[in-house]
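Here the structure is laid out as structure tokens; the discussion comes afterwards.
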Amino acid sequence: MKRTIFATLSLLLFASLLLAACSPAAGPTTNQSSAANEKTAVIGFTASLTGKLNVESTRQNNGFKLWMDQVNNAGGIKLADGSVVKFSSKFYDDESNKDRVQELYTKLVNEDKADFLISPYSSGLADASAVIAEQYGKVMITTGAASDGTYQKGYTLVYQAYTPASRYLTGSLDALANKDPNAKKLAIIHENDKFSSDVATALKKYAENKGFQIVVFEGYDTGTTDFAPIINKIPADVDSVMGGGHFADGQQFAKAMFEKGIKAKFISLLVAPPEPTFAEIGEAAYGIVGPSQWEPQATFKADYGPSGKEFIDAYKAAYNEDPSYHAAGGYVAGLILQKAIERAGSLGTDAVKAALDATDMTTFYGPIKFDTTAGSHGLQTGHEMVFIQWQKDASGALVKQVIWPLAGKTAEPVYPIR
Amino acid sequence: MNLGNLSTSLIDGLLIGVVYGIAAMGLNLIWGVMRVINLAHGAIIALGMFGVYLLFSVLGVNPYIALGLVAILGLILGIIIYNLTINQMIGAPYLSTLLATFSINMVIIGLGTAAFSTSPRDSGFSLGTAELGFMKLQNTRLVAALLTLLITGLLYFFLYRTRPGKYIRAVSNNRSAAELMGIPASRILALSFGLGTMLAAIAGGLIATFFSFTILSGDVYQQKSFIIGVLGGLGNPLGALLGGLILGALEGLLPLAMPNTWVPVIEFILFIIILLVKPSGLLGDKK
């Protein structure tokens, strides 16, 4: 009796593991060529449906799907030869895992015959996927990926939608210098992953050039929850602290700094502060600055694609929540591809590549332009970060305000914050 | 580096070390009693975190009271897991129990991700800060430390002064002899496993009062629990606590002298040294 129960359970477990391993994509894959002139272009990507990146990846995919649904509903894109192309997507779960990414993108190219590729969310995974795109000669738009390194490897078909890491926190130094030219003691504490390390290194270089004194420059391992040891290394007379990594650690770092009474006058952290749930830590969030690829309050005048308001309304209607910049990034990846295909008038890789090289547009998300030099081909050069700060409104509730760049600000920065 | 800095770092380290200790106690107990490595340990810690978080955020129950409920649920869950899996594998090769607990781990993580996503949760619970001169300490961490000491004491009392505790120690020492003496070994082992998972759940619940977490957060505590198990000695709750305190102190003090990414390297070197010099751990019995 015990044997059979055990056997049945193991069989069930094995079956479920097997099913999980062969997870079919959740996206439509049929070619609906009802009209004689209608083609379907397949866009392939991996999504982190499981693993630690699942929240941001889902938002990015929602944004992308919104674009795709809108283009298809509007009748698709007309090509130079008179045919109309609509899009379908094919995606797999990369489990937030780099190794899975390479296997799956190879599959997308070889078995699923993807015409174009979008990167997964996060620099690490995007970097892994870019290799495959270049290897198999497929155009790839990376989004959710800020690391500069990917574009310094000699790729010619990979294009970046996000502002690169090297320009992520430099704006907050400008904001600080603008407010208080004497605040020179800077502590840079960052997560030890590729993205955050790239940002920190670029920030350090920029800071040193501007005459800042780096009093601490340290990394903490991904997944750190206890920030007490690293905070204990910050000298009491520090002026500003910058760095962080992703959401969970950024939020905990801000909370820990508050609890330990760090008297920094200016704190700027990656990724975490623009998230609405950052304010869950209450008073500890007050005054914290963070860079964002896009904020709903941003008022770029789009010369292509929907306006900011139209995007926000459409996203809300589709997904019942406000879009984050991850979602905007997903949507804009589609827009970039759409404009390039329209301009090229065909789906051919060379034609689309030429069109992408010539991209110079402003979307609701901001300006888009790519570096076309051999050394950093595909790097995003048009887009800049907006900086938000948590301030209090008239009723004392925490709200985000844009404090930099000066042209787009919605409020004066709070300074010093403590 | 001054005295103030050193003492702040040491106290911070000890407070977190206490938490490591209770997290390790559960793994330690199961490992020591039945030579089973519970690879679902981290997942159960995460369940404990969610238990207290949900009871507090959704139902408004005080986290320390919720902890009691989470502990009982942890005990029951452990007994169920034991009866469903380990008990079916008497006489099977060692790897079977490893695979079984690993599978349970995957199931919990999978279901947890589906139910909660990997969005970080913060209970937002705070008891304020205690200021002792130059140090500011979170009261939630102090309370967690005190509760851990209390639970360690209770566990020690249970294992060494009560009959079921004696049975557990008997079965862990020599199962056949214990059975010959009339001890229902299977039930005792189920109880031990349940105690182990109960401790894991309590650890998770305490951690949720001062750190944010996701369903994947238990993993890092599971890793440290292995080191602490070796450091402190198998099966001995005091050993787990001592191991945790040592590890916590190291994590607090070492970063003052070196980049803090070296700390895990030092931890694992220590792990290897103890394995070579005193494999039964600092407070382990000589078997």
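Chain lettering (A, B, ...) mirrors the order of the structure tokens, residue numbering begins at 1 for each chain separately, and ligand numbering begins at 1 in order of display.
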Name the residues in contact with Gly218 in chain B at a cut-off of 7 Å, using only C-alpha atoms, excluding same-chain residues fewer than 2 positions from it; report them as a short mmCIF file (atom, residue, chain, number, x, y, z; two decimals) with N, CA and C atoms, in the first residue's frame.
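Below is the file out.cif, written as the result:
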data_model
loop_
_atom_site.label_atom_id
_atom_site.label_comp_id
_atom_site.auth_asym_id
_atom_site.auth_seq_id
_atom_site.Cartn_x
_atom_site.Cartn_y
_atom_site.Cartn_z
N GLY B 42 14.52 26.00 3.52
CA GLY B 42 14.41 27.40 3.11
C GLY B 42 13.00 27.75 2.70
N ALA B 43 12.36 26.84 1.97
CA ALA B 43 11.00 27.11 1.51
C ALA B 43 10.04 27.23 2.69
N ILE B 45 10.88 28.20 5.72
CA ILE B 45 11.17 29.50 6.35
C ILE B 45 10.37 30.57 5.62
N ALA B 46 10.39 30.52 4.29
CA ALA B 46 9.65 31.50 3.50
C ALA B 46 8.15 31.41 3.79
N LEU B 216 11.38 33.30 -2.30
CA LEU B 216 12.72 32.75 -2.52
C LEU B 216 13.70 33.11 -1.40
N VAL B 220 18.82 31.78 1.36
CA VAL B 220 20.07 32.23 1.95
C VAL B 220 20.20 31.73 3.39
N TYR B 221 19.07 31.65 4.10
CA TYR B 221 19.12 31.14 5.47
C TYR B 221 19.41 29.64 5.48
N GLN B 222 18.91 28.94 4.47
CA GLN B 222 19.19 27.51 4.38
C GLN B 222 20.68 27.28 4.18
#
Pull out every residue of chain B that has at least one atom within 9 Å of chain A, counting only C-alpha atoms, and report them as an mmCIF file with N, CA and C atoms, in the first residue's frame.
data_model
loop_
_atom_site.group_PDB
_atom_site.id
_atom_site.type_symbol
_atom_site.label_atom_id
_atom_site.label_comp_id
_atom_site.auth_asym_id
_atom_site.auth_seq_id
_atom_site.Cartn_x
_atom_site.Cartn_y
_atom_site.Cartn_z
ATOM 1 N N ASN B 5 32.317 52.146 16.699
ATOM 2 C CA ASN B 5 32.065 51.443 15.453
ATOM 3 C C ASN B 5 32.087 49.933 15.653
ATOM 4 N N THR B 8 29.065 48.728 17.738
ATOM 5 C CA THR B 8 27.832 48.755 16.928
ATOM 6 C C THR B 8 27.809 47.559 15.993
ATOM 7 N N SER B 9 28.939 47.339 15.333
ATOM 8 C CA SER B 9 28.998 46.230 14.380
ATOM 9 C C SER B 9 28.810 44.892 15.072
ATOM 10 N N ASP B 12 25.124 44.504 16.161
ATOM 11 C CA ASP B 12 24.324 44.235 14.963
ATOM 12 C C ASP B 12 24.493 42.791 14.532
ATOM 13 N N GLY B 13 25.770 42.366 14.527
ATOM 14 C CA GLY B 13 26.082 41.009 14.086
ATOM 15 C C GLY B 13 25.457 39.964 14.985
ATOM 16 N N ILE B 16 21.695 39.645 14.432
ATOM 17 C CA ILE B 16 21.322 38.883 13.242
ATOM 18 C C ILE B 16 21.733 37.426 13.411
ATOM 19 N N LEU B 84 4.278 11.620 4.279
ATOM 20 C CA LEU B 84 4.074 11.448 2.836
ATOM 21 C C LEU B 84 5.338 10.994 2.119
ATOM 22 N N THR B 85 6.488 11.440 2.627
ATOM 23 C CA THR B 85 7.703 11.184 1.856
ATOM 24 C C THR B 85 8.736 10.338 2.582
ATOM 25 N N GLN B 88 8.133 6.842 3.644
ATOM 26 C CA GLN B 88 7.982 5.842 2.594
ATOM 27 C C GLN B 88 9.329 5.300 2.145
ATOM 28 N N MET B 89 10.377 5.917 2.679
ATOM 29 C CA MET B 89 11.681 5.569 2.129
ATOM 30 C C MET B 89 12.599 4.883 3.110
ATOM 31 N N ALA B 100 13.490 13.666 -2.212
ATOM 32 C CA ALA B 100 12.124 13.899 -1.724
ATOM 33 C C ALA B 100 11.984 15.306 -1.169
ATOM 34 N N SER B 103 12.106 17.856 -3.885
ATOM 35 C CA SER B 103 10.841 17.971 -4.614
ATOM 36 C C SER B 103 9.835 18.797 -3.848
ATOM 37 N N VAL B 107 7.956 22.186 -5.110
ATOM 38 C CA VAL B 107 6.497 22.346 -5.086
ATOM 39 C C VAL B 107 6.123 23.624 -4.336
ATOM 40 N N GLY B 110 7.170 26.678 -6.335
ATOM 41 C CA GLY B 110 6.321 26.831 -7.509
ATOM 42 C C GLY B 110 4.950 27.379 -7.148
ATOM 43 N N THR B 113 5.289 30.993 -5.874
ATOM 44 C CA THR B 113 5.466 31.996 -6.935
ATOM 45 C C THR B 113 4.157 32.259 -7.646
ATOM 46 N N ALA B 114 3.392 31.187 -7.887
ATOM 47 C CA ALA B 114 2.108 31.354 -8.566
ATOM 48 C C ALA B 114 1.156 32.172 -7.702
ATOM 49 N N SER B 117 3.735 35.696 -6.512
ATOM 50 C CA SER B 117 4.755 36.249 -7.419
ATOM 51 C C SER B 117 6.025 36.490 -6.612
ATOM 52 N N THR B 118 7.074 36.980 -7.260
ATOM 53 C CA THR B 118 8.303 37.180 -6.487
ATOM 54 C C THR B 118 8.446 38.643 -6.085
ATOM 55 N N SER B 119 7.314 39.319 -6.033
ATOM 56 C CA SER B 119 7.306 40.708 -5.578
ATOM 57 C C SER B 119 7.701 40.754 -4.103
ATOM 58 N N PRO B 120 8.633 41.612 -3.716
ATOM 59 C CA PRO B 120 9.042 41.616 -2.312
ATOM 60 C C PRO B 120 7.926 42.138 -1.416
ATOM 61 N N ARG B 121 7.805 41.525 -0.238
ATOM 62 C CA ARG B 121 6.789 41.949 0.723
ATOM 63 C C ARG B 121 7.479 42.536 1.931
ATOM 64 N N ASP B 122 6.902 43.577 2.467
ATOM 65 C CA ASP B 122 7.429 44.129 3.707
ATOM 66 C C ASP B 122 6.256 44.255 4.648
ATOM 67 N N SER B 123 6.365 43.647 5.820
ATOM 68 C CA SER B 123 5.215 43.677 6.713
ATOM 69 C C SER B 123 4.963 45.081 7.239
ATOM 70 N N GLY B 124 5.993 45.950 7.160
ATOM 71 C CA GLY B 124 5.797 47.317 7.633
ATOM 72 C C GLY B 124 5.596 47.383 9.131
ATOM 73 N N GLY B 128 9.685 50.592 16.736
ATOM 74 C CA GLY B 128 10.505 51.738 17.071
ATOM 75 C C GLY B 128 11.956 51.370 17.262
ATOM 76 N N THR B 129 12.744 52.375 17.581
ATOM 77 C CA THR B 129 14.179 52.171 17.738
ATOM 78 C C THR B 129 14.588 52.458 19.167
ATOM 79 N N MET B 135 24.428 53.948 19.747
ATOM 80 C CA MET B 135 23.839 52.901 18.900
ATOM 81 C C MET B 135 22.344 53.064 18.786
ATOM 82 N N LYS B 136 21.856 52.774 17.596
ATOM 83 C CA LYS B 136 20.406 52.747 17.427
ATOM 84 C C LYS B 136 20.047 51.319 17.039
ATOM 85 N N LEU B 137 19.228 50.680 17.852
ATOM 86 C CA LEU B 137 18.852 49.297 17.566
ATOM 87 C C LEU B 137 17.365 49.190 17.316
ATOM 88 N N GLN B 138 17.017 48.377 16.322
ATOM 89 C CA GLN B 138 15.604 48.149 16.048
ATOM 90 C C GLN B 138 15.011 47.292 17.151
ATOM 91 N N PHE B 211 12.684 42.265 8.169
ATOM 92 C CA PHE B 211 13.231 42.298 6.816
ATOM 93 C C PHE B 211 12.109 42.110 5.814
ATOM 94 N N SER B 212 12.331 42.578 4.591
ATOM 95 C CA SER B 212 11.368 42.260 3.541
ATOM 96 C C SER B 212 11.745 40.889 2.981
ATOM 97 N N PHE B 213 10.864 40.296 2.198
ATOM 98 C CA PHE B 213 11.124 38.920 1.753
ATOM 99 C C PHE B 213 10.283 38.579 0.526
ATOM 100 N N THR B 214 10.656 37.490 -0.126
ATOM 101 C CA THR B 214 9.835 36.900 -1.184
ATOM 102 C C THR B 214 9.809 35.401 -0.903
ATOM 103 N N LEU B 216 11.379 33.304 -2.298
ATOM 104 C CA LEU B 216 12.716 32.753 -2.517
ATOM 105 C C LEU B 216 13.697 33.108 -1.398
ATOM 106 N N SER B 217 13.219 33.899 -0.430
ATOM 107 C CA SER B 217 14.145 34.420 0.576
ATOM 108 C C SER B 217 14.696 33.388 1.535
ATOM 109 N N VAL B 220 18.815 31.785 1.357
ATOM 110 C CA VAL B 220 20.073 32.234 1.951
ATOM 111 C C VAL B 220 20.203 31.732 3.388
ATOM 112 N N GLU B 251 29.951 38.268 10.345
ATOM 113 C CA GLU B 251 29.357 39.088 9.293
ATOM 114 C C GLU B 251 29.295 40.550 9.683
ATOM 115 N N GLY B 252 29.207 40.800 10.977
ATOM 116 C CA GLY B 252 29.157 42.183 11.428
ATOM 117 C C GLY B 252 30.540 42.817 11.484
ATOM 118 N N LEU B 253 31.530 42.042 11.958
ATOM 119 C CA LEU B 253 32.854 42.624 12.186
ATOM 120 C C LEU B 253 33.776 42.594 10.970
ATOM 121 N N LEU B 254 33.765 41.499 10.226
ATOM 122 C CA LEU B 254 34.698 41.370 9.102
ATOM 123 C C LEU B 254 34.621 42.507 8.084
ATOM 124 N N PRO B 255 33.385 42.985 7.735
ATOM 125 C CA PRO B 255 33.338 44.057 6.723
ATOM 126 C C PRO B 255 34.099 45.309 7.118
ATOM 127 N N LEU B 256 34.370 45.473 8.434
ATOM 128 C CA LEU B 256 35.110 46.660 8.843
ATOM 129 C C LEU B 256 36.560 46.576 8.387
ATOM 130 N N PRO B 259 36.564 44.322 2.135
ATOM 131 C CA PRO B 259 35.322 44.499 1.363
ATOM 132 C C PRO B 259 34.320 43.429 1.765
ATOM 133 N N ASN B 260 33.058 43.817 1.930
ATOM 134 C CA ASN B 260 32.147 42.861 2.549
ATOM 135 C C ASN B 260 31.791 41.672 1.665
ATOM 136 N N THR B 261 32.204 41.713 0.387
ATOM 137 C CA THR B 261 31.941 40.556 -0.464
ATOM 138 C C THR B 261 32.888 39.403 -0.144
#
| request: Any chance you could list, as a PyMOL selection string, the residues in range 31-222 of chain B that come up alpha helix (DSSP H) when DSSP is run on the backbone? | output: chain B and resi 31-34+41-57+63-84+94-116+139-161+163-173+175-180+185-208+218-222
| request: Would you list the contacts of range 199-206 of chain A as a count of residues only, taking every protein, DNA or RNA residue within 7 Å and counting only C-alpha atoms, but skipping same-chain residues closer than 6 positions in sequence? | output: 8
| said: If we count only C-alpha atoms and set the cut-off at 9 Å, which residues sit around range 59-63 of chain B, ignoring sequence neighbours fewer than 3 positions away in its own chain? Please answer as an MDAnalysis selection string. | reply: chainID B and resid 52:56 66:68 125 205:206 208:209
Keeping only N, CA and C atoms, write the selected residues as a PDB file, in the first residue's frame.
ATOM      1  N   VAL B  52       3.171  34.908   8.853  1.00  0.00           N
ATOM      2  CA  VAL B  52       3.089  36.041   9.776  1.00  0.00           C
ATOM      3  C   VAL B  52       2.689  37.312   9.027  1.00  0.00           C
ATOM      4  N   TYR B  53       3.255  37.507   7.837  1.00  0.00           N
ATOM      5  CA  TYR B  53       2.956  38.698   7.043  1.00  0.00           C
ATOM      6  C   TYR B  53       1.466  38.775   6.717  1.00  0.00           C
ATOM      7  N   LEU B  54       0.906  37.655   6.243  1.00  0.00           N
ATOM      8  CA  LEU B  54      -0.509  37.659   5.858  1.00  0.00           C
ATOM      9  C   LEU B  54      -1.401  37.861   7.069  1.00  0.00           C
ATOM     10  N   LEU B  55      -1.101  37.158   8.174  1.00  0.00           N
ATOM     11  CA  LEU B  55      -1.929  37.304   9.360  1.00  0.00           C
ATOM     12  C   LEU B  55      -1.882  38.740   9.871  1.00  0.00           C
ATOM     13  N   PHE B  56      -0.711  39.350   9.774  1.00  0.00           N
ATOM     14  CA  PHE B  56      -0.574  40.716  10.272  1.00  0.00           C
ATOM     15  C   PHE B  56      -1.196  41.724   9.317  1.00  0.00           C
ATOM     16  N   ALA B  66       0.630  35.837  15.899  1.00  0.00           N
ATOM     17  CA  ALA B  66       0.567  35.094  14.637  1.00  0.00           C
ATOM     18  C   ALA B  66       1.660  34.043  14.598  1.00  0.00           C
ATOM     19  N   LEU B  67       2.772  34.372  15.233  1.00  0.00           N
ATOM     20  CA  LEU B  67       3.909  33.453  15.268  1.00  0.00           C
ATOM     21  C   LEU B  67       3.512  32.117  15.887  1.00  0.00           C
ATOM     22  N   GLY B  68       2.703  32.185  16.938  1.00  0.00           N
ATOM     23  CA  GLY B  68       2.274  30.957  17.599  1.00  0.00           C
ATOM     24  C   GLY B  68       1.495  30.070  16.634  1.00  0.00           C
ATOM     25  N   PHE B 125       5.958  46.309   9.814  1.00  0.00           N
ATOM     26  CA  PHE B 125       5.769  46.256  11.258  1.00  0.00           C
ATOM     27  C   PHE B 125       6.958  46.919  11.937  1.00  0.00           C
ATOM     28  N   GLY B 205       8.922  33.605  10.508  1.00  0.00           N
ATOM     29  CA  GLY B 205       8.014  34.591  11.072  1.00  0.00           C
ATOM     30  C   GLY B 205       8.745  35.737  11.755  1.00  0.00           C
ATOM     31  N   LEU B 206       9.793  35.399  12.508  1.00  0.00           N
ATOM     32  CA  LEU B 206      10.557  36.441  13.195  1.00  0.00           C
ATOM     33  C   LEU B 206      11.256  37.349  12.191  1.00  0.00           C
ATOM     34  N   ALA B 208      10.354  38.036   9.253  1.00  0.00           N
ATOM     35  CA  ALA B 208       9.382  38.898   8.569  1.00  0.00           C
ATOM     36  C   ALA B 208       9.059  40.153   9.358  1.00  0.00           C
ATOM     37  N   THR B 209       9.368  40.161  10.665  1.00  0.00           N
ATOM     38  CA  THR B 209       9.062  41.368  11.428  1.00  0.00           C
ATOM     39  C   THR B 209      10.078  42.477  11.189  1.00  0.00           C
TER      40      THR B 209
END
| message | I need the residues in range 232-332 of chain A that are strand (DSSP E or B) according to DSSP; give them as number ranges by chain. | response | A: 240-244, 266-269, 289-292
Mind dumping the selected residues with C-alpha atoms as a PDB file, in the first residue's frame?
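See part_0.pdb below for the written result:
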ATOM      1  CA  SER A 240      25.449  61.960  -0.007  1.00  0.00           C
ATOM      2  CA  VAL A 241      24.898  58.260  -0.596  1.00  0.00           C
ATOM      3  CA  MET A 242      24.235  56.843  -4.054  1.00  0.00           C
ATOM      4  CA  GLY A 243      23.902  53.395  -5.515  1.00  0.00           C
ATOM      5  CA  GLY A 244      21.604  50.536  -4.634  1.00  0.00           C
ATOM      6  CA  PHE A 266      21.057  63.505  -0.407  1.00  0.00           C
ATOM      7  CA  ILE A 267      20.365  59.858  -1.189  1.00  0.00           C
ATOM      8  CA  SER A 268      19.894  58.564  -4.721  1.00  0.00           C
ATOM      9  CA  LEU A 269      19.202  54.881  -5.346  1.00  0.00           C
ATOM     10  CA  VAL A 289      15.819  60.258  -5.075  1.00  0.00           C
ATOM     11  CA  GLY A 290      15.800  57.719  -7.852  1.00  0.00           C
ATOM     12  CA  PRO A 291      16.303  57.620 -11.628  1.00  0.00           C
ATOM     13  CA  SER A 292      13.538  56.410 -13.842  1.00  0.00           C
TER      14      SER A 292
END
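Residues in contact with Pro164 in chain B at up to 9 Å, not including ones fewer than 4 positions away on its chain and judged by only C-alpha atoms, are Phe158, Leu159, Ile168, Arg169, Ile188 and Leu191 of chain B.
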Could you give me, as an mmCIF file with C-alpha atoms, in the first residue's frame, the residues within 8 Å of range 128-141 of chain A, counting only C-alpha atoms and dropping anything in the same chain fewer than 4 positions from it?
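For reference, selection.cif as written:
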data_model
loop_
_atom_site.group_PDB
_atom_site.id
_atom_site.type_symbol
_atom_site.label_atom_id
_atom_site.label_comp_id
_atom_site.auth_asym_id
_atom_site.auth_seq_id
_atom_site.Cartn_x
_atom_site.Cartn_y
_atom_site.Cartn_z
ATOM 1 C CA LYS A 98 20.900 33.089 -18.094
ATOM 2 C CA VAL A 101 17.988 32.282 -22.189
ATOM 3 C CA GLN A 102 20.571 31.078 -24.653
ATOM 4 C CA TYR A 105 16.623 32.086 -28.071
ATOM 5 C CA THR A 106 18.368 29.485 -30.208
ATOM 6 C CA VAL A 109 15.397 31.386 -34.121
ATOM 7 C CA ASP A 115 11.771 37.206 -37.643
ATOM 8 C CA PHE A 116 12.699 39.700 -34.950
ATOM 9 C CA LEU A 117 13.768 39.362 -31.356
ATOM 10 C CA ILE A 118 13.150 41.335 -28.201
ATOM 11 C CA SER A 119 15.460 40.857 -25.243
ATOM 12 C CA PRO A 120 14.398 39.499 -21.862
ATOM 13 C CA GLY A 124 22.377 40.047 -17.584
ATOM 14 C CA THR A 150 26.527 44.577 -24.443
ATOM 15 C CA TYR A 155 27.366 43.528 -32.450
ATOM 16 C CA THR A 156 25.617 45.198 -35.370
ATOM 17 C CA LEU A 157 22.032 44.004 -34.988
ATOM 18 C CA VAL A 158 21.315 44.764 -31.328
ATOM 19 C CA TYR A 159 19.610 48.056 -30.394
ATOM 20 C CA GLN A 160 19.012 49.440 -26.916
ATOM 21 C CA ALA A 161 15.789 51.110 -25.836
ATOM 22 C CA ALA A 333 10.583 48.359 -28.091
ATOM 23 C CA ILE A 336 11.010 51.229 -32.436
ATOM 24 C CA LEU A 337 10.639 48.077 -34.500
ATOM 25 C CA THR A 349 17.100 42.183 -41.837
ATOM 26 C CA VAL A 352 15.379 47.058 -41.095
ATOM 27 C CA LYS A 353 18.892 47.416 -39.709
#
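By chain and then residue number, the residues within 6 Å of Pro164 in chain A are A:Ala146, A:Ser147, A:Asp148, counting only C-alpha atoms and disregarding those fewer than 5 positions away in sequence.
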Quick one: write out the picked residues with C-alpha atoms as a PDB file, in the first residue's frame?
ATOM      1  CA  ALA A 146      20.790  49.219 -19.426  1.00  0.00           C
ATOM      2  CA  SER A 147      24.285  47.771 -19.275  1.00  0.00           C
ATOM      3  CA  ASP A 148      26.701  49.448 -21.718  1.00  0.00           C
TER       4      ASP A 148
END
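In this comparison, which uses only C-alpha atoms, the residue of B:Ala200, B:Leu150, B:Val18, B:Leu111 approaching Leu75 in chain B most closely is B:Ala200.
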Select from range 257-372 of chain A every residue with an atom at most 10 Å from any atom of range 399-405 of chain A, then for each give the shortest pair of atoms and their distance in Å to one decimal, using only C-alpha atoms, rows by chain and rising number, as CSV.
residue,atom,partner,partner_atom,distance
A:Pro273,CA,A:Lys400,CA,8.8
A:Pro274,CA,A:Lys400,CA,7.6
A:Glu275,CA,A:Lys400,CA,9.4
A:Pro276,CA,A:Lys400,CA,8.3
A:Ala279,CA,A:Val399,CA,8.4
A:Ala285,CA,A:Val399,CA,10.0
A:Tyr286,CA,A:Val399,CA,9.0
A:Gly287,CA,A:Lys400,CA,9.5
A:Ile288,CA,A:Lys400,CA,9.7
A:Val289,CA,A:Ile403,CA,8.6
A:Gly290,CA,A:Val402,CA,9.6
A:Pro291,CA,A:Trp404,CA,9.1
A:Ser292,CA,A:Val402,CA,9.7
A:Glu295,CA,A:Val402,CA,8.4
A:Gln297,CA,A:Val402,CA,7.8
A:Ala298,CA,A:Val402,CA,8.2
| For CA of Tyr365 in chain A and CA of Ala126 in chain A, the interatomic separation in Å (one decimal) | 20.2 Å
